[in-house]
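Visitor: Can you read through this structure? Questions will come right after.
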Amino acid sequence: MNRRQLLKHSLAASLAAGIAPLPQAFAQTRKAKFTVDLTPGAIGIKADARGVIALAHEHGFQSLQPNANFLAELDATQRKELVGELAEKNLVWGAAGLSVDFRTDEEKFRSGMEALPKQAAALQEAGATRVGTWLKPFHDELTYLANFKQHTTRLREVTKVLGDHGIRFGLEYVGTKTLWTQTRHSFIHTMAEAKELISEIGESNLGFVLDSWHWFTAGETADDIKTLTNKDVVACDLNDAPTGIPIDEQLDNQRELPAATGVIDIKAFLNALVDIGYDGPVRAEPFNKALNALEDGPAAEATSNAIHKAIQIAGV
């Protein structure tokens, strides 16, 4: 048995223990309005757009991440055909990623902004209404205030372009202490700080991408989530953490699938989302090497089962 086969065998065995797909009747009667979402790049899936649609349908997902670059390359007829395939399989779009590099130099930012209107128009034509990105929690050169001002200026431009195309935009703060303490200048790494940035930008279509991992590593509670409304939350990532590691020593690129270990209080997190009426995508982003080593089908199945297990544990 080679290394790849060993990883596949080990992961399949661990995921099989106590994890079953969500019963159909339960899926139809659950309280939660959010969708179980397939975000292929986050779990190592390499299939093309139509392949991802097929995987989502086969493995019990309700939504999937749209690829703005891919949609922008299609003509109107091709986009319509793709949306038709989505509808035939009772799927909807989740949240797209942002291609604009706003974290580095001005030239890269301007280059990304030039392409954004076309991508936003393609998303709008395809019926996608959500885009999200993450905030780097440190900077090698800029102080917190200088970085805050740069983020405000640049992200306001991004938010306005997306808003002009009927698209909501979410920002994900990164709470992992081993990241935000690694250089001289730390930056936004809590919900409270992200609220300040969102308020300063001041656009009505701007909100959060919430991640159970960053909620956990930031030391936040269900009450923090309950300060938000459905309108404030654009997308949601659901992950678990390795056992035996203190919160402040957790590493951002070493996570687990939802409900795999029970370190993160999935029940509190998901119930808080239900309490605020969240109706967007819930997807896994575990940065897990064993999961990424699987073929597309088993990776999608393992991820779907893990999210469904979390839903069952939460009773939502």
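Order determines the names: the first chain of the structure tokens is A, the second B, and so forth; residues in each chain are numbered 1 upward, and ligands are numbered 1 upward as they are shown.
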Please identify all polymer residues within 9 Å of A:Asp279, counting only C-alpha atoms, omitting same-chain residues fewer than 4 positions from it, and present them as JSON, numbers by chain.

Guide: {"A": [32, 33, 34, 35, 230, 233, 234, 235, 273, 274]}

Visitor: Give me the residues within 10 Å of stretch 74-81 of chain A as a PyMOL selection string, counting only C-alpha atoms and dropping any in the same chain fewer than 2 places off.

Guide: chain A and resi 69-72+83-87+122-123+125-127

Visitor: Mind writing the picked residues with C-alpha atoms as a PDB file, in the first residue's frame?

Guide:
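See part_38.pdb below for the written result:
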ATOM      1  CA  ASN A  69     -13.239  33.854 -13.619  1.00  0.00           C
ATOM      2  CA  PHE A  70     -14.754  30.790 -15.284  1.00  0.00           C
ATOM      3  CA  LEU A  71     -18.194  32.376 -15.600  1.00  0.00           C
ATOM      4  CA  ALA A  72     -16.663  35.528 -17.114  1.00  0.00           C
ATOM      5  CA  VAL A  83     -27.300  27.685 -14.727  1.00  0.00           C
ATOM      6  CA  GLY A  84     -29.830  25.310 -16.250  1.00  0.00           C
ATOM      7  CA  GLU A  85     -27.747  22.325 -15.163  1.00  0.00           C
ATOM      8  CA  LEU A  86     -27.619  23.791 -11.667  1.00  0.00           C
ATOM      9  CA  ALA A  87     -31.399  24.153 -11.524  1.00  0.00           C
ATOM     10  CA  ALA A 122     -20.932  37.372 -15.083  1.00  0.00           C
ATOM     11  CA  LEU A 123     -21.844  36.425 -11.509  1.00  0.00           C
ATOM     12  CA  GLU A 125     -26.029  37.112 -14.999  1.00  0.00           C
ATOM     13  CA  ALA A 126     -25.563  33.610 -13.577  1.00  0.00           C
ATOM     14  CA  GLY A 127     -27.661  34.489 -10.529  1.00  0.00           C
TER      15      GLY A 127
END

Visitor: List the neighbours of A:Phe109 out to 7 Å using only C-alpha atoms; skip same-chain residues closer than 5 positions along the sequence, and give me the result as a ChimeraX atom specification.

Guide: /A:100-102

Visitor: Hey, what does DSSP flag as strand (DSSP E or B) within stretch 117-150 of chain A? Can you give it to me as an NGL selection string?

Guide: :A and (130-134 or 138-139)

Visitor: Atom CA of A:Asp224 to atom CA of A:His189: how many Å, to one decimal?

Guide: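 Between these atoms lies a distance of 14.0 Å.
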
Visitor: Report the residues of stretch 16-237 of chain A whose backbone DSSP state falls under alpha helix (DSSP H), written as a PyMOL selection string.

Guide: chain A and resi 16+24-29+49-58+68-73+76-88+106-126+144-164+177-180+191-201+212-217+222-225

Visitor: Keeping only C-alpha atoms, write those residues as an mmCIF file, in the first residue's frame.

Guide:
data_model
loop_
_atom_site.group_PDB
_atom_site.id
_atom_site.type_symbol
_atom_site.label_atom_id
_atom_site.label_comp_id
_atom_site.auth_asym_id
_atom_site.auth_seq_id
_atom_site.Cartn_x
_atom_site.Cartn_y
_atom_site.Cartn_z
ATOM 1 C CA ALA A 16 -16.979 6.142 8.510
ATOM 2 C CA GLN A 24 -33.810 12.893 3.730
ATOM 3 C CA ALA A 25 -36.756 13.501 6.044
ATOM 4 C CA PHE A 26 -34.538 15.334 8.519
ATOM 5 C CA ALA A 27 -33.060 17.450 5.722
ATOM 6 C CA GLN A 28 -36.552 18.541 4.729
ATOM 7 C CA THR A 29 -37.698 19.433 8.246
ATOM 8 C CA ALA A 49 -17.491 23.302 -13.283
ATOM 9 C CA ARG A 50 -19.841 20.636 -14.606
ATOM 10 C CA GLY A 51 -17.983 17.963 -12.690
ATOM 11 C CA VAL A 52 -18.417 19.948 -9.477
ATOM 12 C CA ILE A 53 -22.150 20.301 -10.140
ATOM 13 C CA ALA A 54 -22.391 16.525 -10.570
ATOM 14 C CA LEU A 55 -20.425 15.900 -7.367
ATOM 15 C CA ALA A 56 -22.584 18.324 -5.401
ATOM 16 C CA HIS A 57 -25.763 16.621 -6.605
ATOM 17 C CA GLU A 58 -24.446 13.120 -5.978
ATOM 18 C CA ALA A 68 -16.176 34.172 -11.227
ATOM 19 C CA ASN A 69 -13.239 33.854 -13.619
ATOM 20 C CA PHE A 70 -14.754 30.790 -15.284
ATOM 21 C CA LEU A 71 -18.194 32.376 -15.600
ATOM 22 C CA ALA A 72 -16.663 35.528 -17.114
ATOM 23 C CA GLU A 73 -15.011 33.461 -19.839
ATOM 24 C CA ALA A 76 -24.272 34.337 -22.407
ATOM 25 C CA THR A 77 -25.563 31.083 -23.930
ATOM 26 C CA GLN A 78 -22.982 28.978 -22.124
ATOM 27 C CA ARG A 79 -23.725 30.669 -18.807
ATOM 28 C CA LYS A 80 -27.430 30.039 -19.300
ATOM 29 C CA GLU A 81 -26.777 26.360 -20.010
ATOM 30 C CA LEU A 82 -24.648 26.032 -16.882
ATOM 31 C CA VAL A 83 -27.300 27.685 -14.727
ATOM 32 C CA GLY A 84 -29.830 25.310 -16.250
ATOM 33 C CA GLU A 85 -27.747 22.325 -15.163
ATOM 34 C CA LEU A 86 -27.619 23.791 -11.667
ATOM 35 C CA ALA A 87 -31.399 24.153 -11.524
ATOM 36 C CA GLU A 88 -32.007 20.649 -12.885
ATOM 37 C CA GLU A 106 -1.158 49.281 -5.774
ATOM 38 C CA GLU A 107 -0.317 47.883 -9.213
ATOM 39 C CA LYS A 108 -1.703 44.449 -8.380
ATOM 40 C CA PHE A 109 -4.772 46.013 -6.827
ATOM 41 C CA ARG A 110 -5.480 48.146 -9.910
ATOM 42 C CA SER A 111 -4.992 45.169 -12.202
ATOM 43 C CA GLY A 112 -7.549 43.197 -10.220
ATOM 44 C CA MET A 113 -9.999 46.074 -10.177
ATOM 45 C CA GLU A 114 -9.878 46.302 -13.973
ATOM 46 C CA ALA A 115 -11.111 42.719 -14.261
ATOM 47 C CA LEU A 116 -13.682 42.912 -11.452
ATOM 48 C CA PRO A 117 -16.605 44.558 -13.312
ATOM 49 C CA LYS A 118 -16.633 41.819 -15.948
ATOM 50 C CA GLN A 119 -16.494 39.107 -13.299
ATOM 51 C CA ALA A 120 -19.220 40.771 -11.251
ATOM 52 C CA ALA A 121 -21.432 41.067 -14.324
ATOM 53 C CA ALA A 122 -20.932 37.372 -15.083
ATOM 54 C CA LEU A 123 -21.844 36.425 -11.509
ATOM 55 C CA GLN A 124 -24.937 38.609 -11.684
ATOM 56 C CA GLU A 125 -26.029 37.112 -14.999
ATOM 57 C CA ALA A 126 -25.563 33.610 -13.577
ATOM 58 C CA TYR A 144 -2.413 48.863 12.224
ATOM 59 C CA LEU A 145 -3.763 52.339 11.449
ATOM 60 C CA ALA A 146 -2.026 52.637 8.066
ATOM 61 C CA ASN A 147 -3.211 49.161 7.117
ATOM 62 C CA PHE A 148 -6.740 49.962 8.294
ATOM 63 C CA LYS A 149 -6.826 53.062 6.076
ATOM 64 C CA GLN A 150 -5.556 51.115 3.068
ATOM 65 C CA HIS A 151 -8.122 48.362 3.586
ATOM 66 C CA THR A 152 -10.898 50.926 3.962
ATOM 67 C CA THR A 153 -10.022 52.678 0.706
ATOM 68 C CA ARG A 154 -9.444 49.594 -1.391
ATOM 69 C CA LEU A 155 -12.266 47.438 -0.055
ATOM 70 C CA ARG A 156 -14.736 50.285 -0.418
ATOM 71 C CA GLU A 157 -13.951 50.303 -4.161
ATOM 72 C CA VAL A 158 -14.427 46.533 -4.355
ATOM 73 C CA THR A 159 -17.666 46.668 -2.369
ATOM 74 C CA LYS A 160 -19.138 49.372 -4.598
ATOM 75 C CA VAL A 161 -18.408 47.458 -7.820
ATOM 76 C CA LEU A 162 -19.997 44.314 -6.401
ATOM 77 C CA GLY A 163 -22.940 46.297 -5.069
ATOM 78 C CA ASP A 164 -23.545 47.785 -8.501
ATOM 79 C CA LYS A 177 -2.843 33.773 17.212
ATOM 80 C CA THR A 178 0.146 32.005 15.662
ATOM 81 C CA LEU A 179 -0.562 34.059 12.532
ATOM 82 C CA TRP A 180 -1.370 37.533 13.839
ATOM 83 C CA MET A 191 -15.183 40.098 15.089
ATOM 84 C CA ALA A 192 -15.166 43.410 16.968
ATOM 85 C CA GLU A 193 -12.276 44.757 14.887
ATOM 86 C CA ALA A 194 -13.867 43.552 11.659
ATOM 87 C CA LYS A 195 -17.051 45.374 12.639
ATOM 88 C CA GLU A 196 -15.021 48.588 12.866
ATOM 89 C CA LEU A 197 -13.650 48.119 9.355
ATOM 90 C CA ILE A 198 -17.085 47.287 7.920
ATOM 91 C CA SER A 199 -18.561 50.347 9.620
ATOM 92 C CA GLU A 200 -15.795 52.597 8.302
ATOM 93 C CA ILE A 201 -16.259 51.347 4.734
ATOM 94 C CA SER A 212 -15.985 28.508 13.241
ATOM 95 C CA TRP A 213 -12.176 28.120 13.359
ATOM 96 C CA HIS A 214 -11.522 31.858 13.663
ATOM 97 C CA TRP A 215 -14.497 32.297 16.011
ATOM 98 C CA PHE A 216 -12.904 29.617 18.209
ATOM 99 C CA THR A 217 -9.315 30.890 18.018
ATOM 100 C CA ALA A 222 -22.446 32.326 20.514
ATOM 101 C CA ASP A 223 -23.408 35.694 21.973
ATOM 102 C CA ASP A 224 -20.935 37.387 19.624
ATOM 103 C CA ILE A 225 -22.647 35.790 16.626
#

Visitor: Using only C-alpha atoms for the distances, tell me which of A:Asn305, A:Asn288, A:Thr221, A:Gln254 is nearest to A:Ala268.

Guide: A:Thr221

Visitor: Between atom CA of A:Ile264 and atom CA of A:Thr190, what is the distance, to one decimal in Å?

Guide: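 Separating atom CA of A:Ile264 from atom CA of A:Thr190 is a distance of 16.6 Å.
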
Visitor: Might you pull out every residue within 8 Å of stretch 95-97 of chain A, with only C-alpha atoms counted and same-chain residues fewer than 3 positions away left off, and present them as a list in words?

Guide: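 With the cut-off at 8 Å, the set is Leu64, Gln65, Pro66, Asn67, Ala68, Ala128, Thr129, Arg130, Val131, Gly132, Thr133, Val234, Ala235 and Pro281 of chain A.
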
Visitor: Can you pull out every residue within 7 Å of A:Asp232, counting only C-alpha atoms, but drop anything in the same chain fewer than 3 positions away, and send it as a list in words?

Guide: Gly207, Phe208, Leu228 and Thr229 of chain A

Visitor: Need to verify the contact set: A:Ala310, 8 Å, only C-alpha atoms, exclusion of same-chain residues closer than 3 positions in sequence. Can you return it as a list of chain:residue names?

Guide: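 Here the qualifying residues turn out to be A:Pro258, A:Ala259, A:Ile266, A:Lys267, A:Ala306, A:Ile307, A:Ile313, A:Ala314.
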
Visitor: How would the residues just picked look written out with N, CA and C atoms as a compact mmCIF listing (two decimals), in the first residue's frame?

Guide:
# COMPACT_ATOMS: atom_id res chain seq x y z
N PRO A 258 -15.56 19.38 9.88
CA PRO A 258 -16.56 19.70 10.91
C PRO A 258 -16.92 18.49 11.76
N ALA A 259 -17.00 18.70 13.07
CA ALA A 259 -17.43 17.68 14.04
C ALA A 259 -16.50 16.47 14.09
N ILE A 266 -19.41 23.10 17.82
CA ILE A 266 -20.20 23.20 16.59
C ILE A 266 -21.67 23.47 16.91
N LYS A 267 -22.17 22.86 17.99
CA LYS A 267 -23.58 23.04 18.34
C LYS A 267 -23.89 24.49 18.64
N ALA A 306 -19.43 15.00 6.89
CA ALA A 306 -18.97 15.73 8.07
C ALA A 306 -19.88 16.92 8.37
N ILE A 307 -20.27 17.68 7.36
CA ILE A 307 -21.18 18.81 7.59
C ILE A 307 -22.53 18.32 8.08
N ILE A 313 -25.59 16.90 15.14
CA ILE A 313 -25.14 17.17 16.51
C ILE A 313 -25.82 18.44 17.04
N ALA A 314 -25.87 19.46 16.17
CA ALA A 314 -26.46 20.73 16.57
C ALA A 314 -27.98 20.67 16.68

Visitor: For atom CA of A:Ile167 and atom CA of A:Asp211, determine how far apart the two atoms are, in Å to one decimal place.

Guide: 20.2 Å

Visitor: List the spatial neighbours of A:Glu172 as a list in words - criterion: any atom at most 6 Å away, only C-alpha atoms, same-chain residues fewer than 6 positions off excluded.

Guide: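 The residues satisfying every condition are Trp134, Leu135, Phe208 and Val209 of chain A.
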
Visitor: Which one of A:Gln312, A:Thr176, A:Thr181, A:Asn292 sits closest to A:Ile247 if you count only C-alpha atoms?

Guide: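 Smallest separation from A:Ile247 among the options: A:Thr176.
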
Visitor: Contacts between stretch 136-139 of chain A and stretch 144-254 of chain A, please, where a residue of stretch 144-254 of chain A counts if it comes within 6 Å (with only C-alpha atoms); show its shortest atom pair and distance in Å to one decimal, rows by chain and ascending number, as JSON lines.

Guide:
{"residue": "A:Val174", "atom": "CA", "partner": "A:Pro137", "partner_atom": "CA", "distance": 6.0}
{"residue": "A:Trp180", "atom": "CA", "partner": "A:Pro137", "partner_atom": "CA", "distance": 5.0}
{"residue": "A:His185", "atom": "CA", "partner": "A:His139", "partner_atom": "CA", "distance": 5.4}
{"residue": "A:Ser186", "atom": "CA", "partner": "A:Phe138", "partner_atom": "CA", "distance": 4.1}
{"residue": "A:Phe187", "atom": "CA", "partner": "A:Pro137", "partner_atom": "CA", "distance": 4.5}
{"residue": "A:Ile188", "atom": "CA", "partner": "A:Pro137", "partner_atom": "CA", "distance": 5.3}
{"residue": "A:His189", "atom": "CA", "partner": "A:Pro137", "partner_atom": "CA", "distance": 5.6}

Visitor: Limited to N, CA and C atoms, could you put the picked residues into a file as an mmCIF file, in the first residue's frame?

Guide:
data_model
loop_
_atom_site.group_PDB
_atom_site.id
_atom_site.type_symbol
_atom_site.label_atom_id
_atom_site.label_comp_id
_atom_site.auth_asym_id
_atom_site.auth_seq_id
_atom_site.Cartn_x
_atom_site.Cartn_y
_atom_site.Cartn_z
ATOM 1 N N VAL A 174 -9.264 36.688 10.599
ATOM 2 C CA VAL A 174 -8.453 35.505 10.885
ATOM 3 C C VAL A 174 -7.988 35.579 12.340
ATOM 4 N N TRP A 180 -1.356 36.081 13.670
ATOM 5 C CA TRP A 180 -1.370 37.533 13.839
ATOM 6 C C TRP A 180 -0.251 38.051 14.730
ATOM 7 N N HIS A 185 3.617 44.020 13.014
ATOM 8 C CA HIS A 185 2.360 44.751 13.024
ATOM 9 C C HIS A 185 1.172 43.797 12.865
ATOM 10 N N SER A 186 0.479 43.525 13.964
ATOM 11 C CA SER A 186 -0.737 42.716 13.875
ATOM 12 C C SER A 186 -1.856 43.564 13.276
ATOM 13 N N PHE A 187 -2.882 42.851 12.763
ATOM 14 C CA PHE A 187 -4.021 43.545 12.165
ATOM 15 C C PHE A 187 -5.298 42.859 12.640
ATOM 16 N N ILE A 188 -6.405 43.189 12.024
ATOM 17 C CA ILE A 188 -7.724 42.691 12.423
ATOM 18 C C ILE A 188 -7.718 41.174 12.611
ATOM 19 N N HIS A 189 -8.145 40.727 13.814
ATOM 20 C CA HIS A 189 -8.216 39.288 14.061
ATOM 21 C C HIS A 189 -9.383 38.919 14.978
#

Visitor: Which residue gives the smallest distance to A:Glu249 among A:Ala42, A:Leu98, A:Ala218, A:Leu91, with only C-alpha atoms counted?

Guide: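 Comparing A:Ala42, A:Leu98, A:Ala218, A:Leu91 against A:Glu249, the winner is A:Ala218.
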